[in-house]
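**Student:** Input my_file_9.pdb, format and content: PDB, C-alpha atoms and all ligand atoms.
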ATOM      1  CA  MET I   1       0.000   0.000   0.000  1.00  0.00           C
ATOM      2  CA  SER I   2       1.298   3.486  -0.765  1.00  0.00           C
ATOM      3  CA  ASP I   3       2.237   5.867   2.039  1.00  0.00           C
ATOM      4  CA  ALA I   4      -0.668   8.103   1.006  1.00  0.00           C
ATOM      5  CA  LEU I   5      -3.238   5.289   1.359  1.00  0.00           C
ATOM      6  CA  SER I   6      -1.741   4.179   4.690  1.00  0.00           C
ATOM      7  CA  TYR I   7      -2.098   7.761   5.876  1.00  0.00           C
ATOM      8  CA  LEU I   8      -5.733   7.976   4.727  1.00  0.00           C
ATOM      9  CA  VAL I   9      -6.576   4.669   6.459  1.00  0.00           C
ATOM     10  CA  LYS I  10      -5.379   6.238   9.711  1.00  0.00           C
ATOM     11  CA  ALA I  11      -6.766   9.732   9.126  1.00  0.00           C
ATOM     12  CA  ARG I  12     -10.171   8.778   7.618  1.00  0.00           C
ATOM     13  CA  PRO I  13     -10.828   5.116   8.557  1.00  0.00           C
ATOM     14  CA  ASP I  14     -14.621   5.386   8.127  1.00  0.00           C
ATOM     15  CA  ALA I  15     -14.261   6.548   4.554  1.00  0.00           C
ATOM     16  CA  ILE I  16     -11.353   4.397   3.399  1.00  0.00           C
ATOM     17  CA  LYS I  17     -11.974   1.042   5.099  1.00  0.00           C
ATOM     18  CA  PRO I  18     -15.251   0.380   3.183  1.00  0.00           C
ATOM     19  CA  TYR I  19     -13.333   1.044  -0.015  1.00  0.00           C
ATOM     20  CA  PHE I  20     -10.856  -1.732   0.859  1.00  0.00           C
ATOM     21  CA  THR I  21     -13.725  -4.049   1.850  1.00  0.00           C
ATOM     22  CA  PHE I  22     -15.295  -3.374  -1.541  1.00  0.00           C
ATOM     23  CA  LEU I  23     -11.994  -4.178  -3.310  1.00  0.00           C
ATOM     24  CA  LYS I  24     -11.653  -7.400  -1.325  1.00  0.00           C
ATOM     25  CA  GLN I  25     -15.158  -8.575  -2.132  1.00  0.00           C
ATOM     26  CA  ALA I  26     -15.122  -7.598  -5.794  1.00  0.00           C
ATOM     27  CA  GLY I  27     -14.202 -10.527  -7.996  1.00  0.00           C
ATOM     28  CA  THR I  28     -15.002 -13.282  -5.512  1.00  0.00           C
ATOM     29  CA  HIS I  29     -16.504 -15.329  -8.373  1.00  0.00           C
ATOM     30  CA  LEU I  30     -13.288 -15.198 -10.390  1.00  0.00           C
ATOM     31  CA  ASP I  31     -10.377 -17.552  -9.914  1.00  0.00           C
ATOM     32  CA  LYS I  32      -7.125 -16.110  -8.544  1.00  0.00           C
ATOM     33  CA  LYS I  33      -5.313 -16.175 -11.862  1.00  0.00           C
ATOM     34  CA  THR I  34      -8.073 -14.214 -13.630  1.00  0.00           C
ATOM     35  CA  ARG I  35      -8.257 -11.692 -10.792  1.00  0.00           C
ATOM     36  CA  ASN I  36      -4.514 -11.171 -10.945  1.00  0.00           C
ATOM     37  CA  LEU I  37      -4.538 -10.788 -14.729  1.00  0.00           C
ATOM     38  CA  ILE I  38      -7.237  -8.118 -14.437  1.00  0.00           C
ATOM     39  CA  SER I  39      -5.174  -6.380 -11.740  1.00  0.00           C
ATOM     40  CA  VAL I  40      -2.127  -6.522 -14.024  1.00  0.00           C
ATOM     41  CA  ILE I  41      -4.127  -4.675 -16.683  1.00  0.00           C
ATOM     42  CA  THR I  42      -5.423  -2.054 -14.231  1.00  0.00           C
ATOM     43  CA  LYS I  43      -1.878  -1.404 -12.975  1.00  0.00           C
ATOM     44  CA  VAL I  44      -0.675  -0.928 -16.551  1.00  0.00           C
ATOM     45  CA  HIS I  45      -3.603   1.366 -17.272  1.00  0.00           C
ATOM     46  CA  ALA I  46      -2.748   3.486 -14.205  1.00  0.00           C
ATOM     47  CA  GLN I  47       0.995   3.025 -14.894  1.00  0.00           C
ATOM     48  CA  THR I  48       1.791   2.209 -11.279  1.00  0.00           C
ATOM     49  CA  GLU I  49       5.089   0.385 -11.595  1.00  0.00           C
ATOM     50  CA  ASN I  50       5.268  -1.219  -8.139  1.00  0.00           C
ATOM     51  CA  GLY I  51       1.703  -2.482  -8.426  1.00  0.00           C
ATOM     52  CA  PHE I  52       2.397  -3.869 -11.872  1.00  0.00           C
ATOM     53  CA  ARG I  53       5.506  -5.719 -10.664  1.00  0.00           C
ATOM     54  CA  GLN I  54       3.578  -7.092  -7.690  1.00  0.00           C
ATOM     55  CA  TYR I  55       0.532  -8.343  -9.614  1.00  0.00           C
ATOM     56  CA  LEU I  56       2.716  -9.726 -12.396  1.00  0.00           C
ATOM     57  CA  SER I  57       4.497 -11.907  -9.808  1.00  0.00           C
ATOM     58  CA  ARG I  58       1.146 -12.917  -8.298  1.00  0.00           C
ATOM     59  CA  ALA I  59      -0.253 -13.841 -11.714  1.00  0.00           C
ATOM     60  CA  LEU I  60       2.803 -16.046 -12.390  1.00  0.00           C
ATOM     61  CA  ARG I  61       2.558 -17.580  -8.917  1.00  0.00           C
ATOM     62  CA  ASP I  62      -1.124 -18.399  -9.466  1.00  0.00           C
ATOM     63  CA  GLY I  63      -0.427 -20.205 -12.715  1.00  0.00           C
ATOM     64  CA  ALA I  64      -0.550 -17.588 -15.482  1.00  0.00           C
ATOM     65  CA  THR I  65       1.948 -18.329 -18.233  1.00  0.00           C
ATOM     66  CA  PRO I  66       3.996 -15.556 -19.874  1.00  0.00           C
ATOM     67  CA  HIS I  67       1.948 -16.099 -23.063  1.00  0.00           C
ATOM     68  CA  GLU I  68      -1.292 -15.548 -21.099  1.00  0.00           C
ATOM     69  CA  ILE I  69       0.102 -12.360 -19.556  1.00  0.00           C
ATOM     70  CA  LEU I  70       1.203 -11.068 -22.975  1.00  0.00           C
ATOM     71  CA  ASP I  71      -2.216 -11.997 -24.438  1.00  0.00           C
ATOM     72  CA  ALA I  72      -3.982 -10.144 -21.607  1.00  0.00           C
ATOM     73  CA  LEU I  73      -1.888  -7.033 -22.310  1.00  0.00           C
ATOM     74  CA  LEU I  74      -2.464  -7.231 -26.050  1.00  0.00           C
ATOM     75  CA  MET I  75      -6.212  -7.914 -25.681  1.00  0.00           C
ATOM     76  CA  ALA I  76      -6.469  -4.804 -23.521  1.00  0.00           C
ATOM     77  CA  PHE I  77      -4.984  -2.776 -26.391  1.00  0.00           C
ATOM     78  CA  PRO I  78      -8.218  -0.756 -26.984  1.00  0.00           C
ATOM     79  CA  ALA I  79      -8.026   0.523 -23.376  1.00  0.00           C
ATOM     80  CA  LEU I  80      -4.255   0.635 -22.900  1.00  0.00           C
ATOM     81  CA  GLY I  81      -2.949   1.708 -26.305  1.00  0.00           C
ATOM     82  CA  LEU I  82       0.481   0.772 -27.588  1.00  0.00           C
ATOM     83  CA  ALA I  83       2.469   3.210 -25.409  1.00  0.00           C
ATOM     84  CA  LYS I  84       1.281   1.614 -22.133  1.00  0.00           C
ATOM     85  CA  ILE I  85       1.812  -1.901 -23.458  1.00  0.00           C
ATOM     86  CA  VAL I  86       5.382  -0.949 -24.392  1.00  0.00           C
ATOM     87  CA  TRP I  87       5.799   0.613 -20.908  1.00  0.00           C
ATOM     88  CA  ALA I  88       4.726  -2.710 -19.349  1.00  0.00           C
ATOM     89  CA  VAL I  89       6.949  -4.814 -21.596  1.00  0.00           C
ATOM     90  CA  ASP I  90       9.942  -2.580 -20.790  1.00  0.00           C
ATOM     91  CA  ILE I  91       9.352  -3.331 -17.091  1.00  0.00           C
ATOM     92  CA  ILE I  92       9.027  -7.068 -17.815  1.00  0.00           C
ATOM     93  CA  LEU I  93      12.371  -6.933 -19.669  1.00  0.00           C
ATOM     94  CA  ASP I  94      13.922  -5.020 -16.787  1.00  0.00           C
ATOM     95  CA  MET I  95      12.712  -7.724 -14.372  1.00  0.00           C
ATOM     96  CA  ASP I  96      14.554 -10.286 -16.515  1.00  0.00           C
ATOM     97  CA  ILE I  97      12.158 -13.113 -15.593  1.00  0.00           C
ATOM     98  CA  PRO I  98      13.507 -16.379 -17.040  1.00  0.00           C
ATOM     99  CA  GLU I  99      10.069 -17.585 -18.234  1.00  0.00           C
ATOM    100  CA  PHE I 100       9.762 -14.493 -20.463  1.00  0.00           C
ATOM    101  CA  HIS I 101      13.076 -15.096 -22.251  1.00  0.00           C
ATOM    102  CA  PRO I 102      12.106 -15.704 -25.906  1.00  0.00           C
ATOM    103  CA  GLU I 103      13.881 -19.095 -26.007  1.00  0.00           C
ATOM    104  CA  LEU I 104      11.923 -20.270 -22.918  1.00  0.00           C
ATOM    105  CA  LEU I 105       8.483 -18.908 -23.819  1.00  0.00           C
ATOM    106  CA  ASP I 106       7.294 -22.249 -25.202  1.00  0.00           C
ATOM    107  CA  ALA I 107       9.335 -24.491 -22.895  1.00  0.00           C
ATOM    108  CA  GLU I 108       7.356 -27.313 -21.281  1.00  0.00           C
ATOM    109  CA  PRO I 109       8.120 -28.012 -17.593  1.00  0.00           C
ATOM    110  CA  GLN I 110      10.835 -30.655 -17.289  1.00  0.00           C
ATOM    111  CA  TRP I 111      13.504 -32.072 -14.964  1.00  0.00           C
ATOM    112  CA  HIS I 112      16.822 -30.212 -14.814  1.00  0.00           C
ATOM    113  CA  GLU I 113      20.105 -31.585 -13.480  1.00  0.00           C
ATOM    114  CA  ILE I 114      21.366 -29.374 -10.659  1.00  0.00           C
ATOM    115  CA  ALA I 115      24.477 -31.173  -9.368  1.00  0.00           C
ATOM    116  CA  LEU I 116      25.932 -34.424  -8.106  1.00  0.00           C
ATOM    117  CA  THR I 117      24.615 -34.951  -4.576  1.00  0.00           C
ATOM    118  CA  GLU I 118      28.175 -35.399  -3.284  1.00  0.00           C
ATOM    119  CA  GLU I 119      28.905 -31.820  -4.359  1.00  0.00           C
ATOM    120  CA  ILE I 120      26.159 -30.435  -2.107  1.00  0.00           C
ATOM    121  CA  THR I 121      27.377 -29.742   1.423  1.00  0.00           C
ATOM    122  CA  GLN I 122      25.233 -30.784   4.384  1.00  0.00           C
ATOM    123  CA  ARG I 123      23.319 -28.077   6.272  1.00  0.00           C
ATOM    124  CA  GLU I 124      24.554 -25.323   4.020  1.00  0.00           C
ATOM    125  CA  ILE I 125      22.785 -23.340   1.380  1.00  0.00           C
ATOM    126  CA  SER I 126      24.480 -22.904  -1.957  1.00  0.00           C
ATOM    127  CA  TYR I 127      23.775 -20.685  -4.941  1.00  0.00           C
ATOM    128  CA  ARG I 128      23.644 -22.293  -8.361  1.00  0.00           C
ATOM    129  CA  ASN I 129      22.841 -21.414 -11.943  1.00  0.00           C
ATOM    130  CA  CYS I 130      21.068 -24.032 -13.991  1.00  0.00           C
ATOM    131  CA  ASP I 131      19.512 -23.807 -17.467  1.00  0.00           C
ATOM    132  CA  GLY I 132      18.886 -20.062 -17.345  1.00  0.00           C
ATOM    133  CA  ARG I 133      17.671 -19.962 -13.760  1.00  0.00           C
ATOM    134  CA  SER I 134      19.370 -19.137 -10.437  1.00  0.00           C
ATOM    135  CA  LEU I 135      18.641 -21.307  -7.424  1.00  0.00           C
ATOM    136  CA  PHE I 136      19.415 -21.692  -3.756  1.00  0.00           C
ATOM    137  CA  VAL I 137      19.885 -25.323  -2.711  1.00  0.00           C
ATOM    138  CA  TYR I 138      19.781 -26.577   0.856  1.00  0.00           C
ATOM    139  CA  ARG I 139      20.592 -30.096   2.056  1.00  0.00           C
ATOM    140  CA  GLU I 140      19.900 -31.903   5.321  1.00  0.00           C
ATOM    141  CA  ASP I 141      20.905 -35.584   5.182  1.00  0.00           C
ATOM    142  CA  ASN I 142      19.113 -36.840   2.081  1.00  0.00           C
ATOM    143  CA  GLU I 143      16.417 -34.188   2.109  1.00  0.00           C
ATOM    144  CA  PHE I 144      16.881 -31.248  -0.229  1.00  0.00           C
ATOM    145  CA  ARG I 145      15.224 -27.937  -0.833  1.00  0.00           C
ATOM    146  CA  VAL I 146      15.521 -26.173  -4.158  1.00  0.00           C
ATOM    147  CA  TYR I 147      14.417 -22.551  -4.090  1.00  0.00           C
ATOM    148  CA  ASP I 148      13.887 -20.169  -6.968  1.00  0.00           C
ATOM    149  CA  SER I 149      16.199 -17.186  -6.446  1.00  0.00           C
ATOM    150  CA  ARG I 150      13.294 -14.952  -7.523  1.00  0.00           C
ATOM    151  CA  CYS I 151      11.691 -13.110  -4.621  1.00  0.00           C
ATOM    152  CA  PRO I 152       7.997 -13.971  -4.094  1.00  0.00           C
ATOM    153  CA  HIS I 153       7.260 -10.261  -3.647  1.00  0.00           C
ATOM    154  CA  GLN I 154       8.210  -8.680  -6.969  1.00  0.00           C
ATOM    155  CA  VAL I 155      10.340 -11.339  -8.677  1.00  0.00           C
ATOM    156  CA  THR I 156      13.657  -9.617  -7.864  1.00  0.00           C
ATOM    157  CA  ASN I 157      16.567 -11.964  -8.477  1.00  0.00           C
ATOM    158  CA  ILE I 158      17.997 -12.419  -4.963  1.00  0.00           C
ATOM    159  CA  PRO I 159      21.794 -12.516  -5.312  1.00  0.00           C
ATOM    160  CA  HIS I 160      24.226 -14.892  -3.625  1.00  0.00           C
ATOM    161  CA  LEU I 161      25.486 -12.002  -1.516  1.00  0.00           C
ATOM    162  CA  ALA I 162      22.062 -11.771   0.143  1.00  0.00           C
ATOM    163  CA  LEU I 163      22.906 -14.885   2.157  1.00  0.00           C
ATOM    164  CA  GLU I 164      24.147 -14.445   5.711  1.00  0.00           C
ATOM    165  CA  ASN I 165      24.028 -16.866   8.657  1.00  0.00           C
ATOM    166  CA  GLY I 166      21.341 -19.050   7.117  1.00  0.00           C
ATOM    167  CA  VAL I 167      19.135 -16.092   6.264  1.00  0.00           C
ATOM    168  CA  LEU I 168      18.380 -14.659   2.827  1.00  0.00           C
ATOM    169  CA  THR I 169      17.420 -11.002   2.501  1.00  0.00           C
ATOM    170  CA  CYS I 170      15.998  -9.630  -0.730  1.00  0.00           C
ATOM    171  CA  PRO I 171      17.815  -6.366  -1.491  1.00  0.00           C
ATOM    172  CA  LYS I 172      14.729  -4.646  -2.926  1.00  0.00           C
ATOM    173  CA  HIS I 173      12.358  -4.321   0.051  1.00  0.00           C
ATOM    174  CA  GLU I 174      14.198  -6.537   2.548  1.00  0.00           C
ATOM    175  CA  TRP I 175      11.818  -9.439   2.806  1.00  0.00           C
ATOM    176  CA  THR I 176      13.856 -11.930   4.832  1.00  0.00           C
ATOM    177  CA  PHE I 177      13.729 -15.725   4.521  1.00  0.00           C
ATOM    178  CA  ASN I 178      14.910 -18.667   6.599  1.00  0.00           C
ATOM    179  CA  ALA I 179      17.141 -20.429   4.088  1.00  0.00           C
ATOM    180  CA  SER I 180      16.523 -23.904   5.495  1.00  0.00           C
ATOM    181  CA  THR I 181      12.705 -23.727   5.412  1.00  0.00           C
ATOM    182  CA  GLY I 182      12.041 -21.001   2.844  1.00  0.00           C
ATOM    183  CA  GLU I 183       9.634 -19.251   5.256  1.00  0.00           C
ATOM    184  CA  CYS I 184       9.494 -15.469   5.186  1.00  0.00           C
ATOM    185  CA  ILE I 185      10.511 -14.326   8.669  1.00  0.00           C
ATOM    186  CA  LYS I 186      10.536 -10.544   8.305  1.00  0.00           C
ATOM    187  CA  ASN I 187       8.836  -7.767   6.333  1.00  0.00           C
ATOM    188  CA  GLY I 188       6.812 -10.027   4.020  1.00  0.00           C
ATOM    189  CA  ASN I 189       4.182 -12.727   4.036  1.00  0.00           C
ATOM    190  CA  ARG I 190       5.062 -15.305   1.396  1.00  0.00           C
ATOM    191  CA  PRO I 191       7.715 -18.047   1.377  1.00  0.00           C
ATOM    192  CA  LEU I 192      10.368 -18.633  -1.270  1.00  0.00           C
ATOM    193  CA  THR I 193       9.149 -20.650  -4.242  1.00  0.00           C
ATOM    194  CA  GLN I 194      10.317 -24.257  -4.016  1.00  0.00           C
ATOM    195  CA  PHE I 195      10.749 -26.637  -6.920  1.00  0.00           C
ATOM    196  CA  GLU I 196       9.942 -30.327  -6.818  1.00  0.00           C
ATOM    197  CA  TRP I 197      13.158 -32.384  -6.670  1.00  0.00           C
ATOM    198  CA  LYS I 198      14.366 -35.978  -6.994  1.00  0.00           C
ATOM    199  CA  ILE I 199      17.623 -37.932  -6.922  1.00  0.00           C
ATOM    200  CA  GLU I 200      18.563 -39.949  -9.974  1.00  0.00           C
ATOM    201  CA  ASN I 201      21.944 -41.601 -10.559  1.00  0.00           C
ATOM    202  CA  ASP I 202      23.400 -39.679  -7.603  1.00  0.00           C
ATOM    203  CA  LYS I 203      22.331 -36.382  -9.123  1.00  0.00           C
ATOM    204  CA  LEU I 204      19.900 -33.810  -7.757  1.00  0.00           C
ATOM    205  CA  LEU I 205      17.249 -32.857 -10.295  1.00  0.00           C
ATOM    206  CA  ALA I 206      14.567 -30.174 -10.031  1.00  0.00           C
ATOM    207  CA  TYR I 207      11.366 -29.669 -11.986  1.00  0.00           C
ATOM    208  CA  TRP I 208      10.194 -26.405 -13.496  1.00  0.00           C
TER     209      TRP I 208
HETATM  210  S1  LIG J   1      11.050  -7.709  -4.451  1.00  0.00           S
HETATM  211 FE1  LIG J   1      10.278  -6.749  -2.693  1.00  0.00          FE
HETATM  212  S2  LIG J   1      11.284  -7.788  -1.101  1.00  0.00           S
HETATM  213 FE2  LIG J   1      11.961  -8.804  -2.824  1.00  0.00          FE
END
Output the file's structure in the form of structure tokens.
Ligand code: FES

**Tutor:**
Amino acid sequence: MSDALSYLVKARPDAIKPYFTFLKQAGTHLDKKTRNLISVITKVHAQTENGFRQYLSRALRDGATPHEILDALLMAFPALGLAKIVWAVDIILDMDIPEFHPELLDAEPQWHEIALTEEITQREISYRNCDGRSLFVYREDNEFRVYDSRCPHQVTNIPHLALENGVLTCPKHEWTFNASTGECIKNGNRPLTQFEWKIENDKLLAYW
């Protein structure tokens, strides 16, 4: 929420709180993905960059594909016009989201080889690059966790340097995560995205 809205909630609660209740209740008959796609379009229409980044990450999290997001933007052309669509695509390019890379747009989910299990140190989190994606990998005995390095808030690529004493802190708005569980422990409310994993021929594989 913007500072201005936070201020109005405090200064004029009777006027502003019903507005938020209305927003919450609107769209209850739509699934999450559709709601988020509509919010993406409204953020582009209003050209609110933070809101756009936030709802774009929510739409992806709730199952929208990059093609669906691009279709939603293009279908809204009569309302948005080309200039706002280009504004939105510039932000998408700036976010450098792997799924939007042209060579990955049509990629089907599949297993990816991360590393030999013997290369992964016990009770430590390591940073790895694999097939166009950055990951944090944690191991405890023969249990693994494979996290997307993309922050669940606004898809910022959390760098290796963000790791300190078993805690990961996103540099953008300082959401902080327990690296061994992925839980958000400060400033935010969503955990790191985890990928399904398996061991095959002594190698750790992850699915995305
Ligand atoms: S993008 Fe906002 S905390 Fe990571």

**Student:** Have a look at I:Glu68, I:Asp14, I:Glu174, I:Glu196 and name the one nearest to ligand LIG 1 (chain J); count all atoms listed in the file.

**Tutor:**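 Of all the options, I:Glu174 lies closest to ligand LIG 1 (chain J).
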
**Student:** Measuring atom to atom with all atoms listed in the file, identify which of I:Tyr7, I:Phe52, I:Trp111, I:Tyr127 is nearest to Ile85 in chain I.

**Tutor:** I:Phe52

**Student:** Quick one: apply the PyMOL selection byres (((chain I and resi 204) around 10) and not hetatm) to the file and drop the selected residues here as a PDB file with C-alpha atoms, keeping the file's coordinate frame.

**Tutor:**
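As written to disk, result-v5.pdb reads:
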ATOM      1  CA  TRP I 111      13.504 -32.072 -14.964  1.00  0.00           C
ATOM      2  CA  HIS I 112      16.822 -30.212 -14.814  1.00  0.00           C
ATOM      3  CA  GLU I 113      20.105 -31.585 -13.480  1.00  0.00           C
ATOM      4  CA  ILE I 114      21.366 -29.374 -10.659  1.00  0.00           C
ATOM      5  CA  ALA I 115      24.477 -31.173  -9.368  1.00  0.00           C
ATOM      6  CA  LEU I 116      25.932 -34.424  -8.106  1.00  0.00           C
ATOM      7  CA  THR I 117      24.615 -34.951  -4.576  1.00  0.00           C
ATOM      8  CA  GLU I 118      28.175 -35.399  -3.284  1.00  0.00           C
ATOM      9  CA  GLU I 119      28.905 -31.820  -4.359  1.00  0.00           C
ATOM     10  CA  ILE I 120      26.159 -30.435  -2.107  1.00  0.00           C
ATOM     11  CA  VAL I 137      19.885 -25.323  -2.711  1.00  0.00           C
ATOM     12  CA  PHE I 144      16.881 -31.248  -0.229  1.00  0.00           C
ATOM     13  CA  VAL I 146      15.521 -26.173  -4.158  1.00  0.00           C
ATOM     14  CA  TRP I 197      13.158 -32.384  -6.670  1.00  0.00           C
ATOM     15  CA  LYS I 198      14.366 -35.978  -6.994  1.00  0.00           C
ATOM     16  CA  ILE I 199      17.623 -37.932  -6.922  1.00  0.00           C
ATOM     17  CA  GLU I 200      18.563 -39.949  -9.974  1.00  0.00           C
ATOM     18  CA  ASN I 201      21.944 -41.601 -10.559  1.00  0.00           C
ATOM     19  CA  ASP I 202      23.400 -39.679  -7.603  1.00  0.00           C
ATOM     20  CA  LYS I 203      22.331 -36.382  -9.123  1.00  0.00           C
ATOM     21  CA  LEU I 205      17.249 -32.857 -10.295  1.00  0.00           C
ATOM     22  CA  ALA I 206      14.567 -30.174 -10.031  1.00  0.00           C
TER      23      ALA I 206
END

**Student:** Where does the PyMOL selection byres (((not hetatm)) within 12 of (chain J and resi 1)) land in this file, that is, which residues does it pick, as a ChimeraX atom specification?

**Tutor:** /I:50-51,53-58,95,149-159,162,168-177,184-192

**Student:** Where does the PyMOL selection byres (((chain I and resi 32-48) around 7) and not hetatm) land in this file, that is, which residues does it pick, as a list in words?

**Tutor:** Gly27, Leu30, Asp31, Glu49, Asn50, Gly51, Phe52, Tyr55, Leu56, Arg58, Ala59, Asp62, Gly63, Ala64, Ile69, Ala72, Leu73, Leu80, Lys84 and Ala88 of chain I

**Student:** The selected residues should be written to file as a PDB file, keeping the file's coordinate frame (atoms: C-alpha atoms).

**Tutor:**
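After the write, again.pdb holds the following:
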ATOM      1  CA  GLY I  27     -14.202 -10.527  -7.996  1.00  0.00           C
ATOM      2  CA  LEU I  30     -13.288 -15.198 -10.390  1.00  0.00           C
ATOM      3  CA  ASP I  31     -10.377 -17.552  -9.914  1.00  0.00           C
ATOM      4  CA  GLU I  49       5.089   0.385 -11.595  1.00  0.00           C
ATOM      5  CA  ASN I  50       5.268  -1.219  -8.139  1.00  0.00           C
ATOM      6  CA  GLY I  51       1.703  -2.482  -8.426  1.00  0.00           C
ATOM      7  CA  PHE I  52       2.397  -3.869 -11.872  1.00  0.00           C
ATOM      8  CA  TYR I  55       0.532  -8.343  -9.614  1.00  0.00           C
ATOM      9  CA  LEU I  56       2.716  -9.726 -12.396  1.00  0.00           C
ATOM     10  CA  ARG I  58       1.146 -12.917  -8.298  1.00  0.00           C
ATOM     11  CA  ALA I  59      -0.253 -13.841 -11.714  1.00  0.00           C
ATOM     12  CA  ASP I  62      -1.124 -18.399  -9.466  1.00  0.00           C
ATOM     13  CA  GLY I  63      -0.427 -20.205 -12.715  1.00  0.00           C
ATOM     14  CA  ALA I  64      -0.550 -17.588 -15.482  1.00  0.00           C
ATOM     15  CA  ILE I  69       0.102 -12.360 -19.556  1.00  0.00           C
ATOM     16  CA  ALA I  72      -3.982 -10.144 -21.607  1.00  0.00           C
ATOM     17  CA  LEU I  73      -1.888  -7.033 -22.310  1.00  0.00           C
ATOM     18  CA  LEU I  80      -4.255   0.635 -22.900  1.00  0.00           C
ATOM     19  CA  LYS I  84       1.281   1.614 -22.133  1.00  0.00           C
ATOM     20  CA  ALA I  88       4.726  -2.710 -19.349  1.00  0.00           C
TER      21      ALA I  88
END

**Student:** Mind pulling up the distance from CA of Pro66 in chain I to CA of Glu99 in chain I?

**Tutor:**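 Atom-to-atom, CA of Glu99 in chain I to CA of Pro66 in chain I, that is 6.6 Å.
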
**Student:** Return the single residue from I:Gly132, I:Ile91, I:Tyr19, I:Arg123 that is closest to Ala107 in chain I, with distances computed using all atoms listed in the file.

**Tutor:**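 Between I:Gly132, I:Ile91, I:Tyr19, I:Arg123, the residue approaching Ala107 in chain I most closely is I:Gly132.
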
**Student:** What does the distance between CA of Arg145 in chain I and CA of Ala179 in chain I come to in Å, to one decimal place?

**Tutor:**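 Computing it gives 9.2 Å between the two atoms.
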
**Student:** Between CA of Glu183 in chain I and CA of His160 in chain I, what distance in Å does the model show, to one decimal?

**Tutor:** 17.6 Å

**Student:** Could you model all heavy atoms for range 33-38 of chain I and present them as an mmCIF file, in the coordinates of the input?

**Tutor:**
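Result written to rebuild-v8.cif:
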data_model
loop_
_atom_site.group_PDB
_atom_site.id
_atom_site.type_symbol
_atom_site.label_atom_id
_atom_site.label_comp_id
_atom_site.auth_asym_id
_atom_site.auth_seq_id
_atom_site.Cartn_x
_atom_site.Cartn_y
_atom_site.Cartn_z
ATOM 1 N N LYS I 33 -6.113 -16.549 -10.696
ATOM 2 C CA LYS I 33 -5.313 -16.175 -11.862
ATOM 3 C C LYS I 33 -6.012 -15.062 -12.651
ATOM 4 O O LYS I 33 -5.390 -14.069 -13.025
ATOM 5 C CB LYS I 33 -5.090 -17.408 -12.739
ATOM 6 C CG LYS I 33 -4.231 -17.140 -13.942
ATOM 7 C CD LYS I 33 -3.880 -18.415 -14.663
ATOM 8 C CE LYS I 33 -4.920 -18.758 -15.701
ATOM 9 N NZ LYS I 33 -4.537 -19.926 -16.499
ATOM 10 N N THR I 34 -7.324 -15.222 -12.865
ATOM 11 C CA THR I 34 -8.073 -14.214 -13.630
ATOM 12 C C THR I 34 -8.067 -12.883 -12.893
ATOM 13 O O THR I 34 -7.861 -11.821 -13.498
ATOM 14 C CB THR I 34 -9.529 -14.693 -13.849
ATOM 15 O OG1 THR I 34 -9.480 -15.996 -14.419
ATOM 16 C CG2 THR I 34 -10.290 -13.755 -14.747
ATOM 17 N N ARG I 35 -8.269 -12.942 -11.570
ATOM 18 C CA ARG I 35 -8.257 -11.692 -10.792
ATOM 19 C C ARG I 35 -6.909 -10.982 -10.935
ATOM 20 O O ARG I 35 -6.843 -9.775 -11.118
ATOM 21 C CB ARG I 35 -8.505 -11.983 -9.307
ATOM 22 C CG ARG I 35 -9.957 -12.221 -8.979
ATOM 23 C CD ARG I 35 -10.267 -11.810 -7.539
ATOM 24 N NE ARG I 35 -9.445 -12.484 -6.567
ATOM 25 C CZ ARG I 35 -9.776 -13.635 -5.970
ATOM 26 N NH1 ARG I 35 -10.917 -14.217 -6.273
ATOM 27 N NH2 ARG I 35 -8.992 -14.195 -5.091
ATOM 28 N N ASN I 36 -5.839 -11.786 -10.850
ATOM 29 C CA ASN I 36 -4.514 -11.171 -10.945
ATOM 30 C C ASN I 36 -4.245 -10.606 -12.342
ATOM 31 O O ASN I 36 -3.606 -9.565 -12.485
ATOM 32 C CB ASN I 36 -3.427 -12.182 -10.566
ATOM 33 C CG ASN I 36 -3.423 -12.439 -9.066
ATOM 34 O OD1 ASN I 36 -3.746 -11.545 -8.289
ATOM 35 N ND2 ASN I 36 -3.076 -13.636 -8.660
ATOM 36 N N LEU I 37 -4.739 -11.309 -13.364
ATOM 37 C CA LEU I 37 -4.538 -10.788 -14.729
ATOM 38 C C LEU I 37 -5.279 -9.459 -14.904
ATOM 39 O O LEU I 37 -4.756 -8.520 -15.512
ATOM 40 C CB LEU I 37 -5.024 -11.807 -15.772
ATOM 41 C CG LEU I 37 -4.096 -13.003 -16.014
ATOM 42 C CD1 LEU I 37 -4.748 -14.027 -16.929
ATOM 43 C CD2 LEU I 37 -2.755 -12.568 -16.602
ATOM 44 N N ILE I 38 -6.490 -9.388 -14.344
ATOM 45 C CA ILE I 38 -7.237 -8.118 -14.437
ATOM 46 C C ILE I 38 -6.481 -7.025 -13.676
ATOM 47 O O ILE I 38 -6.347 -5.888 -14.145
ATOM 48 C CB ILE I 38 -8.675 -8.301 -13.901
ATOM 49 C CG1 ILE I 38 -9.461 -9.205 -14.857
ATOM 50 C CG2 ILE I 38 -9.375 -6.953 -13.750
ATOM 51 C CD1 ILE I 38 -10.832 -9.619 -14.355
#
